[in-house]
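**Q** My structure is in coords_11.txt, and what it holds is compact mmCIF, C-alpha atoms:
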```
# COMPACT_ATOMS: atom_id res chain seq x y z
CA MET T 287 0.00 0.00 0.00
CA PHE T 288 2.89 2.34 0.75
CA SER T 289 4.31 1.68 -2.72
CA ASN T 290 1.01 2.64 -4.36
CA ALA T 291 0.88 5.98 -2.48
CA LYS T 292 4.49 6.66 -3.47
CA ASN T 293 3.70 5.99 -7.15
CA ASN T 294 0.68 8.30 -6.97
CA LEU T 295 2.78 11.08 -5.41
CA VAL T 296 5.44 10.73 -8.14
CA LEU T 297 2.73 10.85 -10.80
CA ILE T 298 1.16 13.99 -9.28
CA LEU T 299 4.55 15.71 -9.03
CA LEU T 300 5.32 14.79 -12.64
CA ILE T 301 2.00 16.26 -13.82
CA ILE T 302 2.62 19.48 -11.87
CA PHE T 303 6.14 19.71 -13.27
CA LEU T 304 4.90 19.30 -16.89
CA PHE T 305 2.16 21.88 -16.32
CA VAL T 306 4.65 24.44 -14.97
CA CYS T 307 7.10 23.81 -17.85
CA THR T 308 4.38 24.14 -20.48
CA THR T 309 3.11 27.35 -18.92
CA LEU T 310 6.62 28.82 -18.80
CA ILE T 311 7.27 27.94 -22.44
CA LEU T 312 4.03 29.60 -23.54
CA VAL T 313 4.70 32.74 -21.47
CA ILE T 314 8.27 33.05 -22.74
CA SER T 315 7.27 32.50 -26.38
CA PHE T 316 4.60 35.21 -26.29
CA LYS T 317 6.88 37.65 -24.45
CA THR T 318 9.67 37.21 -27.02
CA GLY T 319 7.43 37.68 -30.03
CA GLU T 320 7.26 34.03 -31.04
CA GLY T 321 3.53 33.79 -30.36
CA TYR T 322 0.59 33.70 -32.71
CA ASP T 323 0.18 37.48 -32.70
CA ASN T 324 3.29 37.84 -34.83
CA ILE T 325 2.38 35.57 -37.74
CA ALA T 326 3.26 37.35 -40.99
CA TYR T 327 1.13 36.87 -44.05
CA ALA T 328 2.38 37.46 -47.59
CA ASP T 329 0.96 40.44 -49.44
CA SER T 330 -1.07 39.54 -52.50
CA TYR T 331 -1.15 41.78 -55.58
CA GLY T 332 -4.00 40.26 -57.61
CA LEU T 333 -1.42 39.01 -60.13
CA TYR T 334 -0.93 35.48 -61.42
CA VAL T 335 1.84 34.47 -63.81
CA ALA T 336 1.67 30.97 -65.30
CA ASN T 337 -1.03 30.14 -62.72
CA VAL T 338 1.30 31.08 -59.83
CA ALA T 339 0.21 33.82 -57.41
CA VAL T 340 2.67 36.68 -57.14
CA THR T 341 3.05 37.55 -53.45
CA SER T 342 5.55 39.43 -51.30
CA ASP T 343 7.08 36.00 -50.58
CA ASN T 344 7.28 35.09 -54.29
CA LEU T 345 8.13 38.04 -56.55
CA THR T 346 10.09 35.98 -59.10
CA ILE T 347 8.20 33.37 -61.10
CA ASP T 348 10.25 30.81 -63.03
CA ASN T 349 10.59 27.09 -63.76
CA GLU T 350 10.92 26.30 -60.04
CA ASP T 351 7.37 27.62 -59.52
CA ASN T 352 5.80 25.96 -62.57
CA SER T 353 7.50 23.42 -64.83
CA ALA T 354 5.42 24.71 -67.79
CA ILE T 355 7.79 27.71 -67.82
CA SER T 356 10.49 26.41 -70.13
CA SER T 357 12.82 29.39 -69.85
CA GLY T 358 13.29 32.85 -68.43
CA GLN T 359 11.50 34.51 -65.59
CA ALA T 360 8.90 37.07 -64.60
CA VAL T 361 9.92 39.47 -61.82
CA PHE T 362 7.42 41.75 -60.07
CA ASP T 363 8.38 45.06 -58.47
CA SER T 364 5.60 45.82 -56.00
CA GLU T 365 6.71 49.43 -55.47
CA SER T 366 6.20 50.39 -59.13
CA ASN T 367 3.63 47.67 -59.95
CA THR T 368 5.89 46.50 -62.78
CA LEU T 369 6.24 42.97 -64.14
CA THR T 370 9.44 42.36 -66.11
CA LEU T 371 9.48 39.41 -68.51
CA THR T 372 12.99 38.29 -69.42
CA ASP T 373 13.17 35.60 -72.12
CA PHE T 374 10.03 34.15 -70.54
CA SER T 375 8.43 31.15 -72.25
CA TYR T 376 5.25 29.51 -70.92
CA THR T 377 2.92 26.89 -72.38
CA GLY T 378 -0.17 26.07 -70.35
CA PRO T 379 -3.73 27.06 -69.50
CA GLY T 380 -2.88 29.93 -67.13
CA TYR T 381 -5.04 31.17 -64.28
CA ASN T 382 -8.75 30.28 -64.19
CA SER T 383 -11.31 32.37 -62.33
CA SER T 384 -14.93 31.44 -63.06
CA GLY T 385 -14.17 30.24 -66.58
CA GLU T 386 -11.90 33.04 -67.77
CA GLY T 387 -8.30 33.96 -67.26
CA GLY T 388 -4.87 34.57 -68.67
CA ALA T 389 -1.34 33.26 -68.63
CA ILE T 390 -0.65 36.66 -67.07
CA ASP T 391 -3.74 37.53 -65.08
CA TYR T 392 -4.09 40.85 -63.22
CA ARG T 393 -7.11 41.81 -61.15
CA GLY T 394 -5.45 44.36 -58.88
CA GLY T 395 -6.54 47.93 -58.35
CA ASN T 396 -3.71 49.83 -60.07
CA ASN T 397 -1.96 50.34 -63.37
CA LEU T 398 0.26 47.43 -64.36
CA THR T 399 3.42 47.96 -66.40
CA ILE T 400 4.89 44.98 -68.26
CA VAL T 401 8.50 45.43 -69.38
CA LEU T 402 9.65 43.13 -72.19
CA VAL T 403 13.30 42.07 -72.19
CA GLY T 404 14.48 39.64 -74.87
CA THR T 405 12.14 37.20 -76.62
CA ASN T 406 9.06 36.18 -74.63
CA THR T 407 6.36 33.68 -75.60
CA ILE T 408 3.03 32.62 -74.16
CA THR T 409 1.23 29.64 -75.66
CA LYS T 410 -2.21 28.97 -74.23
CA SER T 411 -2.81 25.24 -74.36
CA GLU T 412 -5.53 23.03 -72.90
CA ASP T 413 -8.56 24.81 -71.50
CA ASN T 414 -8.75 23.44 -67.95
CA GLY T 415 -12.31 24.77 -67.78
CA ILE T 416 -11.34 28.17 -69.18
CA ASN T 417 -14.02 29.26 -71.64
CA ASN T 418 -12.63 32.77 -72.26
CA SER T 419 -8.87 32.43 -72.58
CA TYR T 420 -6.34 35.24 -72.88
CA GLY T 421 -2.58 35.57 -73.09
CA ILE T 422 -2.88 38.58 -70.80
CA TYR T 423 -6.04 39.23 -68.80
CA PHE T 424 -6.24 42.73 -67.28
CA ASN T 425 -9.26 43.79 -65.24
CA SER T 426 -8.31 46.72 -63.05
CA ASN T 427 -11.15 49.18 -62.56
CA ASN T 428 -10.36 51.81 -65.21
CA HIS T 429 -6.58 51.65 -64.82
CA SER T 430 -4.03 51.07 -67.58
CA LEU T 431 -2.04 48.11 -68.84
CA ILE T 432 1.25 49.58 -70.06
CA MET T 433 3.75 47.70 -72.25
CA GLU T 434 7.37 48.90 -72.29
CA GLY T 435 10.87 47.68 -73.12
CA GLU T 436 12.95 46.70 -76.10
CA GLY T 437 11.89 43.04 -76.22
CA SER T 438 9.03 41.13 -77.80
CA LEU T 439 6.08 39.03 -76.72
CA THR T 440 4.32 36.49 -78.93
CA ILE T 441 0.98 35.13 -77.72
CA SER T 442 -0.50 32.08 -79.43
CA PHE T 443 -3.18 29.47 -78.82
CA SER T 444 -2.83 25.75 -79.43
CA SER T 445 -5.18 24.09 -81.89
CA SER T 446 -6.47 21.80 -79.12
CA ARG T 447 -8.05 24.74 -77.29
CA THR T 448 -11.85 24.44 -77.38
CA GLY T 449 -13.02 27.50 -75.42
CA SER T 450 -15.40 29.99 -76.98
CA LYS T 451 -13.13 33.05 -76.88
CA SER T 452 -9.39 33.50 -77.32
CA ASN T 453 -7.77 36.93 -77.28
CA GLY T 454 -4.12 37.82 -77.03
CA ILE T 455 -4.81 40.66 -74.58
CA PHE T 456 -8.02 41.42 -72.71
CA CYS T 457 -8.05 44.87 -71.12
CA GLU T 458 -11.34 45.99 -69.61
CA PRO T 459 -12.30 48.32 -68.07
CA GLY T 460 -9.17 50.30 -68.71
CA ALA T 461 -6.68 51.39 -71.32
CA PHE T 462 -3.97 49.49 -73.15
CA VAL T 463 -0.86 51.66 -73.64
CA MET T 464 1.99 50.53 -75.89
CA ASN T 465 5.12 52.54 -74.97
CA GLY T 466 7.68 50.06 -76.24
CA GLY T 467 8.41 46.50 -77.23
CA THR T 468 6.61 44.39 -79.80
CA VAL T 469 3.50 42.30 -79.11
CA THR T 470 2.17 39.75 -81.61
CA SER T 471 -0.90 37.61 -81.11
CA ASN T 472 -1.75 34.67 -83.39
```
Take the structure in the file and write it out as structure tokens.
**A**
Amino acid sequence: MFSNAKNNLVLILLIIFLFVCTTLILVISFKTGEGYDNIAYADSYGLYVANVAVTSDNLTIDNEDNSAISSGQAVFDSESNTLTLTDFSYTGPGYNSSGEGGAIDYRGGNNLTIVLVGTNTITKSEDNGINNSYGIYFNSNNHSLIMEGEGSLTISFSSSRTGSKSNGIFCEPGAFVMNGGTVTSN
């Protein structure tokens, strides 16, 4: 009987010890800024490139983000709201929101400038449920889509695409401004 009481006492002391340690760890973690109040969330810009969301944690989109990007990269500067395409080549369906979308898809609330460096290509392939398919989809509340640079962009659609509408660039409501570069849509 004495052994049973001793085991119970050890068990109670162990439980108290674990409770105190857990409480101390929680108090220390919140005091040092490691608590839940300090969780950082990535900023979102309403921009998708090759069906990858551009966020403050992911400003460069390349083959590591989507294997359908065969070369180059797209780099977003959030301060100037500028997307720079450098020898960027993508073949795929792009972003899909309620049956429409683009390989470059912007639904933010500002102007978007796209700078073309080198030779860039977008080929819209299978539909993936996209009825209205665009190389670039821009819907930004009466703002402007601005193209700049010395490079080129060719937008094409594969013959297997079955959606009802295919446009190289969709820009509504807003203006399309061509300040530089060359854009061709097949």
**Q** Between T:Phe456, T:Phe424, T:Tyr376, T:Tyr392, which one has atoms that come closest to Asp351 of chain T, using only C-alpha atoms?
**A**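 For Asp351 of chain T, the nearest of the candidates is T:Tyr376.
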**Q** Using 6 Å of padding on each side, determine the axis-aligned box around all atoms of segment 329-333 of chain T present in the file and give its centre and edge lengths in Å to one decimal, as lines of an AutoDock Vina configuration file.
**A**
```
center_x = -1.5
center_y = 40.4
center_z = -54.8
size_x = 17.0
size_y = 14.8
size_z = 22.7
```
**Q** May I ask which of the residues T:Cys457, T:Ile355, T:Leu300, T:Val463 is the closest one to Pro379 of chain T, counting all atoms listed in the file?
**A**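 Closest to Pro379 of chain T, using all atoms listed in the file: T:Ile355.
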**Q** Pick out the residues sitting within 9 Å of segment 335-341 of chain T, and hand them over as a PyMOL selection string; count all atoms listed in the file, and ignore anything fewer than 4 positions along from it in its own chain.
**A** chain T and resi 328-331+345-348+351-352+354-355+360+362+376-382+388-392
**Q** Choose the residue, out of T:Gly395, T:Gly385, T:Gly332, T:Gly358, that has the smallest atom-to-atom separation from Gly460 of chain T; count all atoms listed in the file.
**A** T:Gly395
**Q** For the point (3.9, 46.5, -77.2) in file coordinates, what residues are within 10 Å, counting all atoms listed in the file? Give the answer as a short mmCIF file (atom, residue, chain, number, x, y, z; two decimals) with C-alpha atoms, in the coordinates of the input?
**A**
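In the end it all went to part25.cif:
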```
data_model
loop_
_atom_site.label_atom_id
_atom_site.label_comp_id
_atom_site.auth_asym_id
_atom_site.auth_seq_id
_atom_site.Cartn_x
_atom_site.Cartn_y
_atom_site.Cartn_z
CA ILE T 400 4.89 44.98 -68.26
CA VAL T 401 8.50 45.43 -69.38
CA LEU T 402 9.65 43.13 -72.19
CA ILE T 432 1.25 49.58 -70.06
CA MET T 433 3.75 47.70 -72.25
CA GLU T 434 7.37 48.90 -72.29
CA GLY T 435 10.87 47.68 -73.12
CA GLU T 436 12.95 46.70 -76.10
CA GLY T 437 11.89 43.04 -76.22
CA SER T 438 9.03 41.13 -77.80
CA LEU T 439 6.08 39.03 -76.72
CA PHE T 462 -3.97 49.49 -73.15
CA VAL T 463 -0.86 51.66 -73.64
CA MET T 464 1.99 50.53 -75.89
CA ASN T 465 5.12 52.54 -74.97
CA GLY T 466 7.68 50.06 -76.24
CA GLY T 467 8.41 46.50 -77.23
CA THR T 468 6.61 44.39 -79.80
CA VAL T 469 3.50 42.30 -79.11
CA THR T 470 2.17 39.75 -81.61
#
```
**Q** Could you tell me how far atom CA of Asn349 of chain T lies from atom CA of Ser364 of chain T, in Å and to one decimal?
**A**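 Taking atom CA of Asn349 of chain T as the start and atom CA of Ser364 of chain T as the end point, the length is 20.9 Å.
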**Q** With all atoms listed in the file counted, which protein, DNA or RNA residues have an atom no more than 10 Å from (14.7, 35.7, -71.7) in the file frame? Please answer as a list in words.
**A**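 Taken together, the residues in range are Ser357, Gly358, Gln359, Ala360, Leu371, Thr372, Asp373, Phe374, Ser375, Leu402, Val403, Gly404, Thr405, Asn406, Thr407, Gly437 and Ser438 of chain T.
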**Q** Record the distance separating atom CA of Asn344 of chain T and atom CA of Ile455 of chain T, expressed in Å with one decimal.
**A**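 Answer for the atom CA of Asn344 of chain T to atom CA of Ile455 of chain T separation: 24.3 Å.
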**Q** Take atom CA of Ile416 of chain T and atom CA of Ser383 of chain T and report the distance between them in Å, one decimal.
**A**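 So the answer is 8.0 Å.
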**Q** Check the smallest atom-to-atom distance from each of T:Ser444, T:Asn367, T:Ser452, T:Asn396 to Gly421 of chain T using all atoms listed in the file, then report the winner.
**A**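 For Gly421 of chain T, the nearest of the candidates is T:Ser452.
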**Q** Would you kindly place N, CA and C atoms on segment 359-383 of chain T and return the model as a short mmCIF file (atom, residue, chain, number, x, y, z; two decimals), keeping the file's coordinate frame?
**A**
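Just written: out23.cif:
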```
data_model
loop_
_atom_site.label_atom_id
_atom_site.label_comp_id
_atom_site.auth_asym_id
_atom_site.auth_seq_id
_atom_site.Cartn_x
_atom_site.Cartn_y
_atom_site.Cartn_z
N GLN T 359 12.17 34.21 -66.85
CA GLN T 359 11.50 34.51 -65.59
C GLN T 359 10.64 35.75 -65.70
N ALA T 360 9.73 35.88 -64.76
CA ALA T 360 8.90 37.07 -64.60
C ALA T 360 9.18 37.60 -63.21
N VAL T 361 9.57 38.86 -63.11
CA VAL T 361 9.92 39.47 -61.82
C VAL T 361 9.01 40.66 -61.59
N PHE T 362 8.36 40.68 -60.41
CA PHE T 362 7.42 41.75 -60.07
C PHE T 362 8.04 42.71 -59.08
N ASP T 363 7.96 44.00 -59.38
CA ASP T 363 8.38 45.06 -58.47
C ASP T 363 7.11 45.66 -57.88
N SER T 364 6.85 45.39 -56.62
CA SER T 364 5.60 45.82 -56.00
C SER T 364 5.54 47.33 -55.77
N GLU T 365 6.69 47.98 -55.67
CA GLU T 365 6.71 49.43 -55.47
C GLU T 365 6.19 50.17 -56.70
N SER T 366 6.60 49.73 -57.90
CA SER T 366 6.20 50.39 -59.13
C SER T 366 5.07 49.66 -59.86
N ASN T 367 4.66 48.51 -59.33
CA ASN T 367 3.63 47.67 -59.95
C ASN T 367 4.05 47.31 -61.38
N THR T 368 5.30 46.83 -61.48
CA THR T 368 5.89 46.50 -62.78
C THR T 368 6.29 45.03 -62.82
N LEU T 369 5.86 44.36 -63.89
CA LEU T 369 6.24 42.97 -64.14
C LEU T 369 7.22 42.96 -65.29
N THR T 370 8.43 42.43 -65.07
CA THR T 370 9.44 42.36 -66.11
C THR T 370 9.56 40.93 -66.59
N LEU T 371 9.31 40.72 -67.88
CA LEU T 371 9.48 39.41 -68.51
C LEU T 371 10.83 39.39 -69.19
N THR T 372 11.67 38.42 -68.82
CA THR T 372 12.99 38.29 -69.42
C THR T 372 13.12 36.90 -70.04
N ASP T 373 13.09 36.86 -71.38
CA ASP T 373 13.17 35.60 -72.12
C ASP T 373 12.24 34.55 -71.53
N PHE T 374 11.04 34.96 -71.21
CA PHE T 374 10.03 34.15 -70.54
C PHE T 374 9.26 33.33 -71.57
N SER T 375 9.18 32.02 -71.34
CA SER T 375 8.43 31.15 -72.25
C SER T 375 7.55 30.21 -71.43
N TYR T 376 6.24 30.30 -71.68
CA TYR T 376 5.25 29.51 -70.92
C TYR T 376 4.26 28.87 -71.88
N THR T 377 3.97 27.60 -71.66
CA THR T 377 2.92 26.89 -72.38
C THR T 377 2.02 26.23 -71.35
N GLY T 378 0.77 26.65 -71.31
CA GLY T 378 -0.17 26.07 -70.35
C GLY T 378 -1.48 26.84 -70.36
N PRO T 379 -2.40 26.43 -69.50
CA PRO T 379 -3.73 27.06 -69.50
C PRO T 379 -3.76 28.42 -68.80
N GLY T 380 -2.85 28.67 -67.88
CA GLY T 380 -2.88 29.93 -67.13
C GLY T 380 -3.86 29.87 -65.97
N TYR T 381 -4.16 31.02 -65.44
CA TYR T 381 -5.04 31.17 -64.28
C TYR T 381 -6.50 31.06 -64.72
N ASN T 382 -7.33 30.45 -63.88
CA ASN T 382 -8.75 30.28 -64.19
C ASN T 382 -9.58 30.83 -63.04
N SER T 383 -10.37 31.84 -63.31
CA SER T 383 -11.31 32.37 -62.33
C SER T 383 -12.69 32.41 -62.97
#
```
